[in-house]
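**Q** Following this line is structure.tsv, made up of TSV, C-alpha atoms:
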chain	number	residue	atom	x	y	z
A	153	MET	CA	128.53	-76.04	28.49
A	154	ARG	CA	128.55	-75.25	24.77
A	155	THR	CA	131.79	-73.31	25.16
A	156	LEU	CA	133.66	-76.20	26.78
A	157	THR	CA	132.34	-78.59	24.16
A	158	ARG	CA	133.73	-76.44	21.35
A	159	TRP	CA	137.05	-76.19	23.18
A	160	LEU	CA	137.34	-79.97	23.53
A	161	VAL	CA	136.60	-80.46	19.84
A	162	VAL	CA	139.52	-78.17	19.04
A	163	LEU	CA	141.60	-80.08	21.55
A	164	CYS	CA	141.12	-83.36	19.71
A	165	VAL	CA	142.22	-81.77	16.45
A	166	CYS	CA	145.31	-80.08	17.84
A	167	VAL	CA	146.62	-82.88	20.04
A	168	LEU	CA	146.03	-86.06	18.12
A	169	SER	CA	147.95	-88.28	20.51
A	170	LEU	CA	146.06	-87.14	23.61
A	171	ALA	CA	144.79	-90.05	25.70
A	172	ARG	CA	142.87	-90.17	28.96
A	173	ALA	CA	142.88	-93.19	31.27
A	174	ALA	CA	141.59	-94.07	34.72
A	175	ASP	CA	143.79	-96.46	36.66
A	176	ASN	CA	141.37	-97.30	39.45
A	177	ASP	CA	138.52	-94.76	39.54
A	178	THR	CA	140.70	-92.29	41.46
A	179	GLN	CA	143.88	-91.87	39.41
A	180	TYR	CA	143.60	-89.99	36.11
A	181	ALA	CA	146.08	-89.13	33.37
A	182	MET	CA	146.14	-87.15	30.12
A	183	ARG	CA	149.08	-87.58	27.76
A	184	GLY	CA	150.35	-86.15	24.51
A	185	SER	CA	153.47	-84.75	22.88
A	186	ALA	CA	154.52	-81.56	21.12
A	187	ASP	CA	157.56	-79.44	20.30
A	188	LEU	CA	157.08	-76.56	22.74
A	189	ASN	CA	160.57	-75.01	22.75
A	190	GLY	CA	161.04	-75.00	18.98
A	191	ASP	CA	164.05	-77.31	18.80
A	192	GLY	CA	162.37	-79.65	16.31
A	193	LYS	CA	161.89	-82.44	18.86
A	194	ALA	CA	158.55	-83.29	20.47
A	195	GLU	CA	158.51	-83.50	24.26
A	196	PRO	CA	156.17	-85.90	26.07
A	197	ILE	CA	153.39	-84.11	27.96
A	198	ALA	CA	151.48	-85.65	30.86
A	199	ILE	CA	148.92	-84.38	33.37
A	200	THR	CA	148.06	-86.63	36.31
A	201	TRP	CA	145.80	-86.15	39.32
A	202	LYS	CA	143.73	-88.04	41.85
A	203	GLN	CA	140.02	-87.64	42.31
A	204	GLY	CA	139.18	-85.42	45.27
A	205	GLN	CA	142.63	-83.88	45.55
A	206	GLN	CA	143.33	-80.19	45.05
A	207	THR	CA	146.47	-80.65	42.98
A	208	PHE	CA	147.54	-81.99	39.62
A	209	ILE	CA	151.02	-82.71	38.26
A	210	LEU	CA	152.11	-81.34	34.90
A	211	GLN	CA	155.12	-82.97	33.27
A	212	VAL	CA	156.84	-81.82	30.08
A	213	GLY	CA	159.97	-83.76	29.20
A	214	ALA	CA	161.86	-84.28	32.45
A	215	GLN	CA	160.39	-81.16	34.14
A	216	THR	CA	157.39	-81.27	36.48
A	217	LEU	CA	155.14	-78.77	38.23
A	218	THR	CA	152.67	-79.50	41.03
A	219	GLU	CA	149.75	-77.14	40.55
A	220	ARG	CA	146.84	-76.39	42.87
A	221	LEU	CA	143.17	-76.49	41.95
A	222	GLU	CA	140.65	-74.05	43.40
A	223	ASN	CA	139.09	-76.84	45.48
A	224	ALA	CA	138.39	-80.57	45.35
A	225	GLU	CA	135.40	-80.07	43.04
A	226	TRP	CA	137.61	-78.83	40.22
A	227	SER	CA	139.07	-81.17	37.62
A	228	VAL	CA	141.29	-81.08	34.55
A	229	GLU	CA	139.04	-81.00	31.47
A	230	GLY	CA	141.75	-81.13	28.80
A	231	PHE	CA	144.78	-79.46	27.28
A	232	ARG	CA	145.97	-78.28	23.90
A	233	VAL	CA	149.06	-76.79	22.30
A	234	VAL	CA	148.63	-73.15	21.24
A	235	ASP	CA	150.82	-70.54	19.57
A	236	LEU	CA	150.59	-67.24	21.42
A	237	ASN	CA	153.10	-65.59	19.09
A	238	THR	CA	153.72	-66.98	15.61
A	239	GLN	CA	156.78	-64.73	15.24
A	240	THR	CA	158.74	-67.11	17.46
A	241	ARG	CA	159.37	-70.86	17.19
A	242	GLU	CA	158.04	-71.60	20.68
A	243	LYS	CA	154.55	-72.83	21.39
A	244	GLU	CA	152.61	-72.89	24.64
A	245	LEU	CA	150.40	-75.28	26.56
A	246	GLU	CA	146.81	-74.35	27.47
A	247	ILE	CA	145.14	-76.39	30.25
A	248	LEU	CA	141.40	-76.16	30.83
A	249	LEU	CA	140.12	-76.54	34.41
A	250	SER	CA	136.47	-76.48	35.48
A	251	PRO	CA	134.21	-77.45	38.38
A	252	ASP	CA	130.95	-77.62	36.43
A	253	GLY	CA	131.45	-77.14	32.69
A	254	VAL	CA	130.30	-73.49	32.85
A	255	TYR	CA	132.84	-71.67	35.00
A	256	ALA	CA	136.35	-72.32	33.72
A	257	ALA	CA	140.00	-71.46	34.21
A	258	TYR	CA	142.56	-71.46	31.40
A	259	ARG	CA	146.17	-71.82	32.49
A	260	TYR	CA	149.08	-71.23	30.13
A	261	TYR	CA	152.55	-72.76	30.38
A	262	ALA	CA	155.86	-72.46	28.53
A	263	PHE	CA	158.77	-74.88	28.27
A	264	ASP	CA	162.14	-73.57	27.05
A	265	GLY	CA	163.93	-76.92	27.11
A	266	THR	CA	165.09	-76.65	30.72
A	267	THR	CA	162.38	-74.77	32.64
A	268	LEU	CA	158.61	-75.33	32.80
A	269	SER	CA	156.77	-72.18	33.92
A	270	ARG	CA	153.24	-70.81	34.20
A	271	LEU	CA	152.51	-67.77	32.03
A	272	GLY	CA	149.15	-66.82	33.51
A	273	GLU	CA	145.54	-67.80	34.14
A	274	LEU	CA	142.21	-66.51	32.79
A	275	THR	CA	138.92	-67.33	34.52
A	276	GLY	CA	135.24	-66.74	33.86
A	277	SER	CA	131.82	-68.15	33.02
A	278	ASP	CA	130.65	-69.12	29.51
A	279	THR	CA	134.11	-68.35	28.22
A	280	TYR	CA	135.55	-68.10	24.73
A	281	VAL	CA	139.24	-67.81	23.83
A	282	GLU	CA	140.51	-66.40	20.52
A	283	ILE	CA	144.26	-66.45	19.90
A	284	VAL	CA	145.71	-64.08	17.30
A	285	GLY	CA	149.21	-65.48	17.11
A	286	ALA	CA	150.50	-63.12	14.41
A	287	GLY	CA	150.38	-60.22	16.86
A	288	GLY	CA	150.95	-62.21	20.01
A	289	PHE	CA	147.45	-61.40	21.27
A	290	LEU	CA	144.77	-63.38	23.06
A	291	TYR	CA	141.13	-62.26	23.30
A	292	PHE	CA	139.20	-63.60	26.31
A	293	ARG	CA	135.42	-63.29	26.46
A	294	SER	CA	133.36	-64.22	29.51
A	295	SER	CA	129.86	-63.67	30.87
A	296	GLU	CA	129.28	-60.90	33.44
A	297	SER	CA	125.69	-61.66	34.47
A	298	PHE	CA	123.85	-59.49	31.90
A	299	TRP	CA	126.71	-58.63	29.49
A	300	GLN	CA	129.81	-60.08	27.87
A	301	LEU	CA	133.25	-58.91	28.97
A	302	THR	CA	135.98	-58.79	26.32
A	303	GLN	CA	139.59	-58.58	27.48
A	304	LYS	CA	142.79	-58.51	25.44
A	305	PHE	CA	146.02	-60.07	26.69
A	306	THR	CA	149.54	-60.14	25.31
A	307	LEU	CA	152.52	-62.33	26.17
A	308	ASN	CA	155.27	-60.06	27.51
A	309	PRO	CA	158.54	-61.37	26.00
A	310	LYS	CA	160.61	-60.01	28.90
A	311	THR	CA	158.59	-61.19	31.89
A	312	ARG	CA	157.14	-64.25	30.09
A	313	ARG	CA	153.75	-63.43	31.58
A	314	LEU	CA	150.33	-62.88	30.06
A	315	GLU	CA	149.38	-59.25	30.67
A	316	GLU	CA	146.06	-57.54	30.05
A	317	VAL	CA	146.10	-54.67	27.56
A	318	PRO	CA	144.51	-51.77	29.51
A	319	GLN	CA	141.18	-50.33	28.34
A	320	PRO	CA	139.78	-47.00	29.56
A	321	PHE	CA	136.34	-48.67	29.79
A	322	TYR	CA	134.79	-52.05	29.13
A	323	TYR	CA	132.12	-52.02	26.44
A	324	VAL	CA	128.73	-53.39	27.58
A	325	GLY	CA	126.15	-52.52	24.89
A	326	THR	CA	123.13	-54.08	26.61
A	327	PRO	CA	119.51	-52.83	26.53
A	328	GLY	CA	117.18	-52.81	29.53
A	329	THR	CA	113.96	-51.40	30.97
A	330	VAL	CA	113.40	-49.14	33.97
A	331	LYS	CA	111.11	-50.70	36.59
A	332	GLN	CA	111.48	-47.98	39.24
A	333	SER	CA	112.65	-44.43	38.56
A	334	GLN	CA	116.37	-43.93	39.25
A	335	PRO	CA	118.75	-40.97	38.79
A	336	ILE	CA	121.83	-41.04	36.57
A	337	TYR	CA	124.73	-38.69	37.32
A	338	ALA	CA	127.16	-36.50	35.39
A	339	THR	CA	130.08	-37.94	37.37
A	340	ARG	CA	130.72	-40.96	39.55
A	341	GLU	CA	130.76	-38.66	42.59
A	342	LYS	CA	126.95	-38.28	42.33
A	343	LYS	CA	127.14	-34.47	42.46
A	344	THR	CA	124.91	-33.59	39.51
A	345	VAL	CA	121.82	-35.48	38.35
A	346	VAL	CA	121.63	-35.67	34.55
A	347	ALA	CA	118.18	-37.26	34.47
A	348	ASN	CA	115.68	-39.28	36.47
A	349	LEU	CA	114.90	-42.38	34.42
A	350	GLN	CA	111.18	-42.89	33.92
A	351	VAL	CA	109.32	-46.11	34.74
A	352	ASN	CA	108.89	-48.44	31.73
A	353	SER	CA	111.35	-46.41	29.65
A	354	ASP	CA	114.11	-48.13	27.70
A	355	ILE	CA	117.79	-47.68	28.56
A	356	GLU	CA	121.06	-48.89	27.09
A	357	VAL	CA	124.02	-49.77	29.29
A	358	LEU	CA	127.04	-48.53	27.34
A	359	LEU	CA	130.25	-48.87	29.36
A	360	LYS	CA	131.66	-50.11	32.66
A	361	LEU	CA	134.35	-48.42	34.74
A	362	GLY	CA	135.09	-49.98	38.12
A	363	ASP	CA	131.79	-50.30	39.99
A	364	TRP	CA	130.03	-47.78	37.75
A	365	TYR	CA	128.11	-48.09	34.50
A	366	LEU	CA	127.50	-45.41	31.88
A	367	MET	CA	124.01	-45.62	30.43
A	368	LYS	CA	121.86	-43.83	27.85
A	369	SER	CA	118.25	-42.90	28.58
A	370	THR	CA	115.39	-43.22	26.12
A	371	THR	CA	115.67	-39.44	25.56
A	372	GLY	CA	119.34	-39.78	24.54
A	373	LEU	CA	120.89	-38.44	27.76
A	374	VAL	CA	123.98	-40.16	29.16
A	375	GLY	CA	124.94	-40.59	32.82
A	376	TRP	CA	126.51	-42.82	35.44
A	377	ILE	CA	124.82	-45.28	37.81
A	378	HIS	CA	126.38	-47.49	40.48
A	379	GLU	CA	126.48	-51.24	39.97
A	380	LYS	CA	124.44	-51.99	43.10
A	381	ASP	CA	121.57	-49.90	41.75
A	382	LEU	CA	121.76	-51.12	38.16
A	383	THR	CA	121.78	-54.78	39.21
A	384	ASN	CA	118.92	-54.32	41.67
A	385	GLN	CA	116.13	-56.22	39.93
A	386	ARG	CA	113.52	-54.03	41.65
A	387	PHE	CA	114.92	-51.07	39.70
A	388	PHE	CA	115.85	-52.48	36.28
A	389	GLU	CA	115.01	-55.38	33.99
A	390	LEU	CA	118.15	-56.63	32.24
A	391	PRO	CA	118.82	-59.77	30.11
A	392	TYR	CA	120.48	-61.88	32.77
A	393	ALA	CA	121.99	-65.18	31.60
A	394	ASP	CA	120.15	-68.34	32.66
Would you write the structure of this file as structure tokens?

**A**
Amino acid sequence: MRTLTRWLVVLCVCVLSLARAADNDTQYAMRGSADLNGDGKAEPIAITWKQGQQTFILQVGAQTLTERLENAEWSVEGFRVVDLNTQTREKELEILLSPDGVYAAYRYYAFDGTTLSRLGELTGSDTYVEIVGAGGFLYFRSSESFWQLTQKFTLNPKTRRLEEVPQPFYYVGTPGTVKQSQPIYATREKKTVVANLQVNSDIEVLLKLGDWYLMKSTTGLVGWIHEKDLTNQRFFELPYAD
């Protein structure tokens, strides 16, 4: 919840003319204005939806998009104008969607004066977005049960889509304790056992690759363990988020 609160504070600063109104307990609207296509003229922006429906309507200028929500429990939490690449005159629209204030989806849109299009969507729990406009980069952090996932995205100027910058691994960096002895392997094929982790010993989960985690034992040895074993709470004690 803290993450969404911070996001909405930023929203109020960036979109001063944003207003939210309820027509009759079922019809909702958010409105604002901004120069998205860089022509020096602000376009009106409106998001409307009805309670219990799985769609919302986004309108920028004279262009509209009807967008689907995950299910009827989701709602539009807010929107703001962002600059995904300060080397261009264009700016983008970021819409925050959430069912519960913890899990969230961020959708990004562009308007070039004639066409309104979706650039991409990022989803996760306990999320944090950092936009580095000078390089055209966006850092997206989200909770993965006992660790924080950091992903980097860039706006492809040719496809006009947000694309993840590939990483060979995802960094985890989380400590834990062994509750029941488990083997770690030299490879993900489980052919060679590097060590059998001892009960009550400390471990550090270093990296994630697919369904496998690389971990370091208390003796300094490094090996792989499958996700289903690492997340088995009979085997390991890890700092799971509440």

**Q** Got a sec: who's within 7 Å of A:Ile209, counting all atoms listed in the file, leaving out chain neighbours fewer than 4 positions off, as a PDB file with C-alpha atoms, keeping the file's coordinate frame?

**A**
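Below is the file part-v1.pdb, written as the result:
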ATOM      1  CA  ILE A 199     148.920 -84.380  33.370  1.00  0.00           C
ATOM      2  CA  THR A 200     148.060 -86.630  36.310  1.00  0.00           C
ATOM      3  CA  TRP A 201     145.800 -86.150  39.320  1.00  0.00           C
ATOM      4  CA  THR A 216     157.390 -81.270  36.480  1.00  0.00           C
ATOM      5  CA  LEU A 217     155.140 -78.770  38.230  1.00  0.00           C
ATOM      6  CA  THR A 218     152.670 -79.500  41.030  1.00  0.00           C
ATOM      7  CA  GLU A 219     149.750 -77.140  40.550  1.00  0.00           C
TER       8      GLU A 219
END

**Q** Please provide as a PyMOL selection string all residues within 10 Å of A:Arg340, with the sequence filter that same-chain residues fewer than 5 positions apart are discarded (counting only C-alpha atoms).

**A** chain A and resi 361+363-366+375-378

**Q** Save out the residues we just selected, C-alpha atoms, as a JSON list (two decimals), keeping the file's coordinate frame.

**A**
[["chain", "number", "residue", "atom", "x", "y", "z"],
["A", 361, "LEU", "CA", 134.35, -48.42, 34.74],
["A", 363, "ASP", "CA", 131.79, -50.30, 39.99],
["A", 364, "TRP", "CA", 130.03, -47.78, 37.75],
["A", 365, "TYR", "CA", 128.11, -48.09, 34.50],
["A", 366, "LEU", "CA", 127.50, -45.41, 31.88],
["A", 375, "GLY", "CA", 124.94, -40.59, 32.82],
["A", 376, "TRP", "CA", 126.51, -42.82, 35.44],
["A", 377, "ILE", "CA", 124.82, -45.28, 37.81],
["A", 378, "HIS", "CA", 126.38, -47.49, 40.48]]

**Q** Quote the spacing between atom CA of A:Glu341 and atom CA of A:Tyr322 in Å to one decimal place.

**A**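 Interatomic distance, atom CA of A:Glu341 to atom CA of A:Tyr322: 19.4 Å.
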
**Q** Pick out the closest residue to A:Ala224 from this set: A:Leu249, A:Leu359, A:Leu271, A:Leu373. Count only C-alpha atoms.

**A** A:Leu249

**Q** Calculated over only C-alpha atoms, which of the candidates A:Gln332, A:Thr275, A:Thr339, A:Ser294 has the smallest distance to A:Val351?

**A** A:Gln332

**Q** Go through A:Thr279, A:Gln205, A:Gln334, A:Thr238 and flag the residue nearest A:Val346, using all atoms listed in the file for the distances.

**A**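 Smallest separation from A:Val346 among the options: A:Gln334.
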
**Q** Quick one, how far is atom CA of A:Lys331 from atom CA of A:Thr370?

**A** 13.6 Å

**Q** For each of A:Leu248, A:Val374, A:Val357, A:Ala286, take the minimum atom-to-atom distance to A:Glu389, counting all atoms listed in the file, then give the residue where this is smallest.

**A**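 Looking at the shortest contact to A:Glu389, the residue is A:Val357.
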
**Q** From (159.7, -80.0, 20.3), in the file's coordinates, out to 12 Å: which residues are reached, counting only C-alpha atoms? Answer as a short mmCIF file (atom, residue, chain, number, x, y, z; two decimals) with C-alpha atoms, in the frame of the given file.

**A**
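The result, stored in selection.cif:
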data_model
loop_
_atom_site.label_atom_id
_atom_site.label_comp_id
_atom_site.auth_asym_id
_atom_site.auth_seq_id
_atom_site.Cartn_x
_atom_site.Cartn_y
_atom_site.Cartn_z
CA GLY A 184 150.35 -86.15 24.51
CA SER A 185 153.47 -84.75 22.88
CA ALA A 186 154.52 -81.56 21.12
CA ASP A 187 157.56 -79.44 20.30
CA LEU A 188 157.08 -76.56 22.74
CA ASN A 189 160.57 -75.01 22.75
CA GLY A 190 161.04 -75.00 18.98
CA ASP A 191 164.05 -77.31 18.80
CA GLY A 192 162.37 -79.65 16.31
CA LYS A 193 161.89 -82.44 18.86
CA ALA A 194 158.55 -83.29 20.47
CA GLU A 195 158.51 -83.50 24.26
CA PRO A 196 156.17 -85.90 26.07
CA ILE A 197 153.39 -84.11 27.96
CA VAL A 212 156.84 -81.82 30.08
CA GLY A 213 159.97 -83.76 29.20
CA VAL A 233 149.06 -76.79 22.30
CA ARG A 241 159.37 -70.86 17.19
CA GLU A 242 158.04 -71.60 20.68
CA LYS A 243 154.55 -72.83 21.39
CA GLU A 244 152.61 -72.89 24.64
CA ALA A 262 155.86 -72.46 28.53
CA PHE A 263 158.77 -74.88 28.27
CA ASP A 264 162.14 -73.57 27.05
CA GLY A 265 163.93 -76.92 27.11
#

**Q** State, in Å with one decimal place, the distance from atom CA of A:Asp354 to atom CA of A:Met367.

**A**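 These two atoms are separated by 10.6 Å.
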
**Q** Quick one: residues within 12 Å of stretch 307-311 of chain A, all atoms listed in the file, excluding same-chain residues fewer than 6 positions away - as a PyMOL selection string?

**A** chain A and resi 235-240+242-244+260-262+269-273+283-291+317

**Q** Using all atoms listed in the file, collect all residues at a distance of at most 7 Å from (120.5, -48.5, 26.2) as written in the file, then present them as a tab-separated table (two decimals) with C-alpha atoms, in the coordinates of the input.

**A**
chain	number	residue	atom	x	y	z
A	326	THR	CA	123.13	-54.08	26.61
A	327	PRO	CA	119.51	-52.83	26.53
A	328	GLY	CA	117.18	-52.81	29.53
A	354	ASP	CA	114.11	-48.13	27.70
A	355	ILE	CA	117.79	-47.68	28.56
A	356	GLU	CA	121.06	-48.89	27.09
A	357	VAL	CA	124.02	-49.77	29.29
A	358	LEU	CA	127.04	-48.53	27.34
A	367	MET	CA	124.01	-45.62	30.43
A	368	LYS	CA	121.86	-43.83	27.85
A	369	SER	CA	118.25	-42.90	28.58

**Q** Out of A:Gln211, A:Lys380, A:Glu222, A:Gln385, which residue has the shortest atom-to-atom distance to A:Leu245 when counting only C-alpha atoms?

**A**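 Closest to A:Leu245 of all the choices is A:Gln211.
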
**Q** Taking all atoms listed in the file into account, which of A:Lys202, A:Arg183, A:Arg312, A:Lys342 comes nearest A:Leu268?

**A**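 The answer is A:Arg312, which sits nearest to A:Leu268.
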
**Q** I'd like the neighbourhood of A:Leu274 as JSON, numbers by chain, where a residue qualifies if any of its atoms comes within 7 Å (using all atoms listed in the file), though same-chain residues fewer than 6 positions away should be ignored.

**A** {"A": [257, 258, 259]}
